[in-house]
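**Q** Input: one structure, supplied below.
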Amino acid sequence: MSASLDLLRTFLAVHRAGSVTGAAETLGLSQPTVTAQLKALESALGRSLFERQARGVRPTGAGDELARRVADPLDALQGLLRDELDTPSNTTLHLGGPADFLCHQVLPALAERFASGLQVRTTFGLPDDLLDRLLNRSLDLVVSSVRPRRAGLRVTPFYDEVFALVAAPRWSVEPLRRTPLIAYGEEAPILRRYWRTVFGSRLTRTVDLVVPDLRGVLDAVRAGAGASVLPTYLCQDALAAGELVLLADPELPPLNTLYLTTRSDAGPRSTAIVVRDELVRRFSR
């Protein structure tokens, strides 16, 4: 049984890495050992699991089916073993996500945890880079603004951002086409999505100001620099205070789901899973 589980673990590592070399690095084994274990498993099953290519390997239909069947049980077992056998040296959580959401929403939600020993180190960035860091174990938990589609990750939807087109009151009497636009990035994906969803048209204008932090976008909008599309959690206080006004009020405003993402082999008592579950509870109230 132990040997069989080792073979399956090696197979799953190759399937996820897409190469014997990548799997060997992940498992801390030599490439010949990984190759030998793959051959042993294929011999035992009586079918090929991978097609060898010039660069890496490609799973066969049988390989994809086996990966689908064994991934969750092997990850769960690995997580349980870590919980039981690893001696935790500290409770530090390496957390990644969008700067504005972590600072405005997540860290305040965890405030009480710090007094009981939780330690957190935050990393800000875009989803692809953060998910790379999660898979290479330099992060433990990632808030992703897009649904991750990578193998080896466990994804939990937990928060729906609602977006609003806002500006300082002075701009409410001006045509929108004359109002300067402020965006998070040069491509202005949030603005473009809002235009497409709410106005049914493409945004063809170039934005007037780019600020790579939504908190900075909010400050610029509040100061009267122009209009922007912001998540309501970030601008609702300014709207309530009359510092900002809505430039549109659609019946169904655009939404974007955020996802809490951990590695599939994180144990149920690991800090990443405990914090993930705490955030799900708090944001589902």
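A note on labels: chains of the structure tokens are A, B, ... as shown, every chain counts residues from 1, and ligands are counted from 1 in their shown order.
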Just the residues within 8 Å of Leu230 (chain A), please, counting only C-alpha atoms, with nothing from its chain fewer than 4 positions along; format it as an NGL selection string.
**A** :A and (163-166 or 214 or 218 or 234-235)
**Q** Residues of region 224-281 of chain A classed as helix (DSSP H, G or I) by DSSP on the backbone are to be reported as a ChimeraX atom specification.
**A** /A:232-240,271-281
**Q** Within 8 Å of Val120 (chain A), counting only C-alpha atoms, which residues qualify if same-chain residues fewer than 3 places away don't, as an MDAnalysis selection string?
**A** chainID A and resid 92:95
**Q** Report as a PyMOL selection string all protein, DNA and RNA residues lying within 12 Å of region 256-258 of chain A, evaluated on only C-alpha atoms, omitting residues in the same chain fewer than 4 positions from it.
**A** chain A and resi 97-98+101-102+106+127+142-148+155-164+189-190+193-194+230-232+279-280+283
**Q** Which of these, A:Glu243, A:Glu25, A:Asp140, A:Glu42, has the shortest distance to Leu8 (chain A) once you count only C-alpha atoms?
**A** A:Glu42
**Q** Suppose you want the space between CA of Gln78 (chain A) and CA of Thr10 (chain A); what is it in Å?
**A** 12.8 Å
**Q** Please tabulate, as a Markdown table, the residues of region 110-190 of chain A that come within 7 Å of region 204-213 of chain A, each with its closest pair of atoms and the distance in Å to one decimal, counting only C-alpha atoms and ordering rows by chain, then residue number upward.
**A**
```
| residue | atom | partner | partner_atom | distance |
| --- | --- | --- | --- | --- |
| A:Pro180 | CA | A:Asp208 | CA | 5.8 |
| A:Leu181 | CA | A:Val207 | CA | 5.1 |
| A:Ile182 | CA | A:Leu209 | CA | 4.7 |
| A:Ala183 | CA | A:Val210 | CA | 5.0 |
| A:Tyr184 | CA | A:Pro212 | CA | 4.8 |
| A:Gly185 | CA | A:Val210 | CA | 5.7 |
| A:Glu186 | CA | A:Val210 | CA | 6.2 |
```
**Q** Write down as an NGL selection string the residues belonging to region 87-156 of chain A that are assigned strand (DSSP E or B) by DSSP computed on the backbone.
**A** :A and (92-97 or 119-124 or 141-144 or 153-156)
**Q** Can you spit out the residues from that selection as a compact mmCIF listing (two decimals), in the first residue's frame, using all heavy atoms?
**A**
```txt
# COMPACT_ATOMS: atom_id res chain seq x y z
N THR A 92 2.48 31.86 11.54
CA THR A 92 2.54 32.92 10.54
C THR A 92 1.81 32.49 9.26
O THR A 92 2.06 31.41 8.73
CB THR A 92 3.99 33.29 10.20
OG1 THR A 92 4.64 33.74 11.38
CG2 THR A 92 4.04 34.39 9.16
N LEU A 93 0.93 33.36 8.79
CA LEU A 93 0.21 33.14 7.54
C LEU A 93 0.74 34.10 6.50
O LEU A 93 0.78 35.31 6.71
CB LEU A 93 -1.29 33.39 7.75
CG LEU A 93 -2.14 33.32 6.48
CD1 LEU A 93 -2.36 31.87 6.06
CD2 LEU A 93 -3.49 34.01 6.69
N HIS A 94 1.14 33.57 5.35
CA HIS A 94 1.58 34.40 4.24
C HIS A 94 0.39 34.57 3.30
O HIS A 94 -0.04 33.63 2.64
CB HIS A 94 2.78 33.77 3.55
CG HIS A 94 4.00 33.74 4.43
ND1 HIS A 94 4.88 34.78 4.50
CD2 HIS A 94 4.43 32.81 5.32
CE1 HIS A 94 5.84 34.49 5.37
NE2 HIS A 94 5.58 33.30 5.88
N LEU A 95 -0.13 35.79 3.28
CA LEU A 95 -1.41 36.11 2.64
C LEU A 95 -1.20 37.04 1.46
O LEU A 95 -0.50 38.05 1.57
CB LEU A 95 -2.32 36.77 3.67
CG LEU A 95 -3.64 37.37 3.20
CD1 LEU A 95 -4.60 36.27 2.72
CD2 LEU A 95 -4.29 38.16 4.34
N GLY A 96 -1.80 36.72 0.32
CA GLY A 96 -1.68 37.56 -0.86
C GLY A 96 -3.04 37.99 -1.39
O GLY A 96 -4.04 37.29 -1.19
N GLY A 97 -3.07 39.14 -2.06
CA GLY A 97 -4.32 39.60 -2.65
C GLY A 97 -4.23 41.04 -3.10
O GLY A 97 -3.17 41.67 -3.02
N GLN A 119 -0.05 35.44 13.25
CA GLN A 119 0.86 36.38 12.62
C GLN A 119 0.63 36.32 11.11
O GLN A 119 0.47 35.24 10.55
CB GLN A 119 2.32 36.03 12.94
CG GLN A 119 2.66 36.14 14.42
CD GLN A 119 4.11 35.78 14.70
OE1 GLN A 119 4.87 35.48 13.79
NE2 GLN A 119 4.49 35.82 15.97
N VAL A 120 0.60 37.48 10.48
CA VAL A 120 0.32 37.56 9.04
C VAL A 120 1.38 38.41 8.35
O VAL A 120 1.78 39.45 8.87
CB VAL A 120 -1.08 38.16 8.78
CG1 VAL A 120 -1.30 38.42 7.29
CG2 VAL A 120 -2.18 37.24 9.31
N ARG A 121 1.81 37.94 7.19
CA ARG A 121 2.67 38.72 6.31
C ARG A 121 1.93 38.85 4.98
O ARG A 121 1.53 37.84 4.39
CB ARG A 121 4.03 38.04 6.10
CG ARG A 121 4.80 37.82 7.40
CD ARG A 121 5.21 39.13 8.04
NE ARG A 121 5.98 38.93 9.26
CZ ARG A 121 5.46 38.91 10.49
NH1 ARG A 121 4.16 39.07 10.64
NH2 ARG A 121 6.23 38.74 11.55
N THR A 122 1.72 40.08 4.53
CA THR A 122 0.91 40.31 3.34
C THR A 122 1.76 40.59 2.11
O THR A 122 2.83 41.19 2.20
CB THR A 122 -0.06 41.49 3.55
OG1 THR A 122 0.69 42.65 3.91
CG2 THR A 122 -1.07 41.17 4.63
N THR A 123 1.25 40.16 0.97
CA THR A 123 1.87 40.44 -0.33
C THR A 123 0.77 40.93 -1.26
O THR A 123 -0.27 40.28 -1.40
CB THR A 123 2.51 39.18 -0.93
OG1 THR A 123 3.55 38.72 -0.05
CG2 THR A 123 3.11 39.47 -2.30
N PHE A 124 0.97 42.09 -1.87
CA PHE A 124 0.00 42.64 -2.81
C PHE A 124 0.41 42.29 -4.24
O PHE A 124 1.60 42.20 -4.55
CB PHE A 124 -0.08 44.16 -2.67
CG PHE A 124 -0.43 44.63 -1.28
CD1 PHE A 124 0.15 45.79 -0.77
CD2 PHE A 124 -1.32 43.93 -0.49
CE1 PHE A 124 -0.16 46.24 0.51
CE2 PHE A 124 -1.64 44.37 0.78
CZ PHE A 124 -1.06 45.52 1.28
N LEU A 141 -2.26 31.55 1.45
CA LEU A 141 -3.66 31.86 1.17
C LEU A 141 -3.70 33.08 0.26
O LEU A 141 -3.00 34.06 0.52
CB LEU A 141 -4.40 32.15 2.48
CG LEU A 141 -5.87 32.58 2.39
CD1 LEU A 141 -6.74 31.45 1.83
CD2 LEU A 141 -6.39 32.98 3.78
N VAL A 142 -4.50 33.00 -0.80
CA VAL A 142 -4.58 34.09 -1.77
C VAL A 142 -6.04 34.48 -1.98
O VAL A 142 -6.91 33.62 -2.14
CB VAL A 142 -3.95 33.69 -3.12
CG1 VAL A 142 -4.35 34.65 -4.24
CG2 VAL A 142 -2.43 33.63 -3.00
N VAL A 143 -6.30 35.79 -1.95
CA VAL A 143 -7.58 36.33 -2.39
C VAL A 143 -7.42 36.66 -3.87
O VAL A 143 -6.63 37.54 -4.24
CB VAL A 143 -7.97 37.58 -1.60
CG1 VAL A 143 -9.28 38.15 -2.14
CG2 VAL A 143 -8.10 37.27 -0.11
N SER A 144 -8.15 35.95 -4.72
CA SER A 144 -8.01 36.13 -6.17
C SER A 144 -9.26 36.78 -6.74
O SER A 144 -10.39 36.38 -6.42
CB SER A 144 -7.77 34.78 -6.85
OG SER A 144 -7.72 34.93 -8.25
N LEU A 153 -4.96 23.40 -6.50
CA LEU A 153 -5.51 24.49 -5.70
C LEU A 153 -6.94 24.16 -5.28
O LEU A 153 -7.69 23.52 -6.01
CB LEU A 153 -5.49 25.80 -6.48
CG LEU A 153 -4.13 26.34 -6.90
CD1 LEU A 153 -4.30 27.63 -7.70
CD2 LEU A 153 -3.22 26.56 -5.70
N ARG A 154 -7.31 24.64 -4.10
CA ARG A 154 -8.69 24.54 -3.63
C ARG A 154 -9.28 25.95 -3.61
O ARG A 154 -8.71 26.85 -2.99
CB ARG A 154 -8.73 23.91 -2.24
CG ARG A 154 -10.15 23.67 -1.72
CD ARG A 154 -10.14 22.96 -0.38
NE ARG A 154 -9.62 21.61 -0.51
CZ ARG A 154 -8.60 21.14 0.20
NH1 ARG A 154 -7.99 21.90 1.08
NH2 ARG A 154 -8.19 19.89 0.04
N VAL A 155 -10.40 26.12 -4.28
CA VAL A 155 -10.96 27.45 -4.52
C VAL A 155 -12.31 27.58 -3.82
O VAL A 155 -13.18 26.73 -3.98
CB VAL A 155 -11.13 27.69 -6.04
CG1 VAL A 155 -11.74 29.07 -6.30
CG2 VAL A 155 -9.78 27.56 -6.75
N THR A 156 -12.47 28.66 -3.05
CA THR A 156 -13.71 28.91 -2.32
C THR A 156 -14.23 30.31 -2.64
O THR A 156 -13.60 31.31 -2.28
CB THR A 156 -13.48 28.82 -0.79
OG1 THR A 156 -12.88 27.56 -0.46
CG2 THR A 156 -14.78 28.99 -0.03
```
**Q** Using CA of Thr261 (chain A) and CA of Arg192 (chain A) as the two end points, give the distance in Å to one decimal.
**A**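 Separation of CA of Thr261 (chain A) and CA of Arg192 (chain A): 26.4 Å.
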**Q** Mind pulling up the distance from CA of Ala167 (chain A) to CA of Arg222 (chain A)?
**A**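 Going from CA of Arg222 (chain A) over to CA of Ala167 (chain A) covers 6.8 Å.
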**Q** Pick from A:Gly226, A:Gly117, A:Val57, A:Thr33: nearest to Pro175 (chain A), with only C-alpha atoms counted?
**A**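 Closest residue, counting only C-alpha atoms: A:Gly226.
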**Q** Neighbouring residues of Gln37 (chain A) were defined as those with any atom within 10 Å, considering only C-alpha atoms; residues of the same chain fewer than 6 positions away were excluded. Please report them as a PDB file with C-alpha atoms, in the first residue's frame.
**A**
```
ATOM      1  CA  ALA A   3       4.553   1.798  -2.445  1.00  0.00           C
ATOM      2  CA  SER A   4       1.257   2.184  -4.333  1.00  0.00           C
ATOM      3  CA  ASP A   6       4.077   6.685  -3.457  1.00  0.00           C
ATOM      4  CA  LEU A   7       3.528   5.799  -7.113  1.00  0.00           C
ATOM      5  CA  LEU A   8       0.236   7.668  -7.201  1.00  0.00           C
ATOM      6  CA  ARG A   9       1.793  10.676  -5.478  1.00  0.00           C
ATOM      7  CA  THR A  10       4.563  10.748  -8.077  1.00  0.00           C
ATOM      8  CA  PHE A  11       2.049  10.352 -10.906  1.00  0.00           C
ATOM      9  CA  GLN A  31      14.479  12.334 -12.505  1.00  0.00           C
ATOM     10  CA  SER A  43       2.914  -1.451 -15.842  1.00  0.00           C
TER      11      SER A  43
END
```
**Q** Can you tell me, as a JSON list (two decimals) with N, CA, C and O atoms, in the first residue's frame, what residues are no more than 12 Å from Ser19 (chain A) when counting only C-alpha atoms, ignoring any on the same chain fewer than 4 positions away?
**A**
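Result saved to out-v9.json:
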```
[["chain", "number", "residue", "atom", "x", "y", "z"],
["A", 10, "THR", "N", 3.64, 10.34, -7.02],
["A", 10, "THR", "CA", 4.56, 10.75, -8.08],
["A", 10, "THR", "C", 3.81, 11.03, -9.37],
["A", 10, "THR", "O", 4.05, 12.02, -10.06],
["A", 11, "PHE", "N", 2.87, 10.14, -9.71],
["A", 11, "PHE", "CA", 2.05, 10.35, -10.91],
["A", 11, "PHE", "C", 1.34, 11.70, -10.85],
["A", 11, "PHE", "O", 1.35, 12.47, -11.83],
["A", 12, "LEU", "N", 0.73, 12.04, -9.70],
["A", 12, "LEU", "CA", -0.02, 13.29, -9.59],
["A", 12, "LEU", "C", 0.90, 14.50, -9.72],
["A", 12, "LEU", "O", 0.54, 15.51, -10.33],
["A", 13, "ALA", "N", 2.11, 14.39, -9.18],
["A", 13, "ALA", "CA", 3.07, 15.49, -9.30],
["A", 13, "ALA", "C", 3.46, 15.71, -10.75],
["A", 13, "ALA", "O", 3.58, 16.85, -11.22],
["A", 14, "VAL", "N", 3.66, 14.64, -11.51],
["A", 14, "VAL", "CA", 3.99, 14.77, -12.93],
["A", 14, "VAL", "C", 2.82, 15.36, -13.70],
["A", 14, "VAL", "O", 2.98, 16.23, -14.55],
["A", 15, "HIS", "N", 1.62, 14.90, -13.38],
["A", 15, "HIS", "CA", 0.42, 15.40, -14.06],
["A", 15, "HIS", "C", 0.28, 16.90, -13.84],
["A", 15, "HIS", "O", -0.05, 17.65, -14.76],
["A", 23, "ALA", "N", 8.22, 17.61, -11.66],
["A", 23, "ALA", "CA", 7.76, 16.74, -10.58],
["A", 23, "ALA", "C", 8.90, 16.34, -9.67],
["A", 23, "ALA", "O", 8.76, 16.27, -8.44],
["A", 24, "ALA", "N", 10.06, 16.05, -10.26],
["A", 24, "ALA", "CA", 11.22, 15.67, -9.46],
["A", 24, "ALA", "C", 11.62, 16.79, -8.50],
["A", 24, "ALA", "O", 11.94, 16.55, -7.33],
["A", 25, "GLU", "N", 11.57, 18.04, -8.98],
["A", 25, "GLU", "CA", 11.89, 19.18, -8.12],
["A", 25, "GLU", "C", 10.87, 19.32, -7.00],
["A", 25, "GLU", "O", 11.23, 19.58, -5.85],
["A", 26, "THR", "N", 9.61, 19.12, -7.32],
["A", 26, "THR", "CA", 8.56, 19.24, -6.31],
["A", 26, "THR", "C", 8.69, 18.16, -5.24],
["A", 26, "THR", "O", 8.53, 18.43, -4.04],
["A", 31, "GLN", "N", 15.30, 12.59, -11.33],
["A", 31, "GLN", "CA", 14.48, 12.33, -12.51],
["A", 31, "GLN", "C", 14.39, 10.84, -12.84],
["A", 31, "GLN", "O", 13.30, 10.36, -13.17],
["A", 34, "VAL", "N", 11.73, 9.27, -10.63],
["A", 34, "VAL", "CA", 10.37, 9.61, -11.04],
["A", 34, "VAL", "C", 9.98, 8.82, -12.29],
["A", 34, "VAL", "O", 8.87, 8.27, -12.37],
["A", 35, "THR", "N", 10.89, 8.74, -13.25],
["A", 35, "THR", "CA", 10.61, 7.98, -14.47],
["A", 35, "THR", "C", 10.35, 6.52, -14.16],
["A", 35, "THR", "O", 9.40, 5.91, -14.69],
["A", 38, "LEU", "N", 6.91, 6.09, -12.57],
["A", 38, "LEU", "CA", 5.86, 6.20, -13.58],
["A", 38, "LEU", "C", 5.72, 4.90, -14.38],
["A", 38, "LEU", "O", 4.62, 4.41, -14.62],
["A", 50, "PHE", "N", 0.92, 8.84, -19.85],
["A", 50, "PHE", "CA", 1.46, 10.05, -20.45],
["A", 50, "PHE", "C", 2.02, 9.76, -21.83],
["A", 50, "PHE", "O", 2.48, 8.65, -22.11],
["A", 51, "GLU", "N", 1.97, 10.77, -22.69],
["A", 51, "GLU", "CA", 2.68, 10.74, -23.96],
["A", 51, "GLU", "C", 3.92, 11.59, -23.83],
["A", 51, "GLU", "O", 3.83, 12.77, -23.46],
["A", 52, "ARG", "N", 5.08, 11.01, -24.07],
["A", 52, "ARG", "CA", 6.34, 11.75, -23.95],
["A", 52, "ARG", "C", 6.48, 12.70, -25.14],
["A", 52, "ARG", "O", 6.26, 12.31, -26.29],
["A", 53, "GLN", "N", 6.84, 13.95, -24.85],
["A", 53, "GLN", "CA", 7.02, 14.96, -25.89],
["A", 53, "GLN", "C", 8.41, 15.54, -25.80],
["A", 53, "GLN", "O", 9.18, 15.24, -24.87],
["A", 54, "ALA", "N", 8.73, 16.38, -26.77],
["A", 54, "ALA", "CA", 10.07, 17.00, -26.78],
["A", 54, "ALA", "C", 10.29, 17.80, -25.50],
["A", 54, "ALA", "O", 11.38, 17.82, -24.93],
["A", 55, "ARG", "N", 9.25, 18.47, -25.06],
["A", 55, "ARG", "CA", 9.31, 19.22, -23.80],
["A", 55, "ARG", "C", 8.20, 18.75, -22.88],
["A", 55, "ARG", "O", 7.03, 19.06, -23.09],
["A", 56, "GLY", "N", 8.56, 17.98, -21.90],
["A", 56, "GLY", "CA", 7.58, 17.54, -20.92],
["A", 56, "GLY", "C", 6.76, 16.36, -21.39],
["A", 56, "GLY", "O", 7.13, 15.63, -22.31],
["A", 57, "VAL", "N", 5.62, 16.18, -20.76],
["A", 57, "VAL", "CA", 4.73, 15.08, -21.07],
["A", 57, "VAL", "C", 3.30, 15.60, -21.15],
["A", 57, "VAL", "O", 2.97, 16.64, -20.59],
["A", 58, "ARG", "N", 2.46, 14.86, -21.88],
["A", 58, "ARG", "CA", 1.04, 15.20, -21.99],
["A", 58, "ARG", "C", 0.23, 14.01, -21.53],
["A", 58, "ARG", "O", 0.46, 12.88, -21.99],
["A", 59, "PRO", "N", -0.71, 14.21, -20.60],
["A", 59, "PRO", "CA", -1.48, 13.06, -20.10],
["A", 59, "PRO", "C", -2.38, 12.47, -21.17],
["A", 59, "PRO", "O", -2.94, 13.19, -22.02]]
```
**Q** Can you work out which one of A:Gln105, A:Thr21, A:Ser172, A:Ser284 has the shortest atom-to-atom distance to Leu244 (chain A), counting only C-alpha atoms?
**A**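 When distances to Leu244 (chain A) are compared using only C-alpha atoms, the smallest one comes from A:Ser172.
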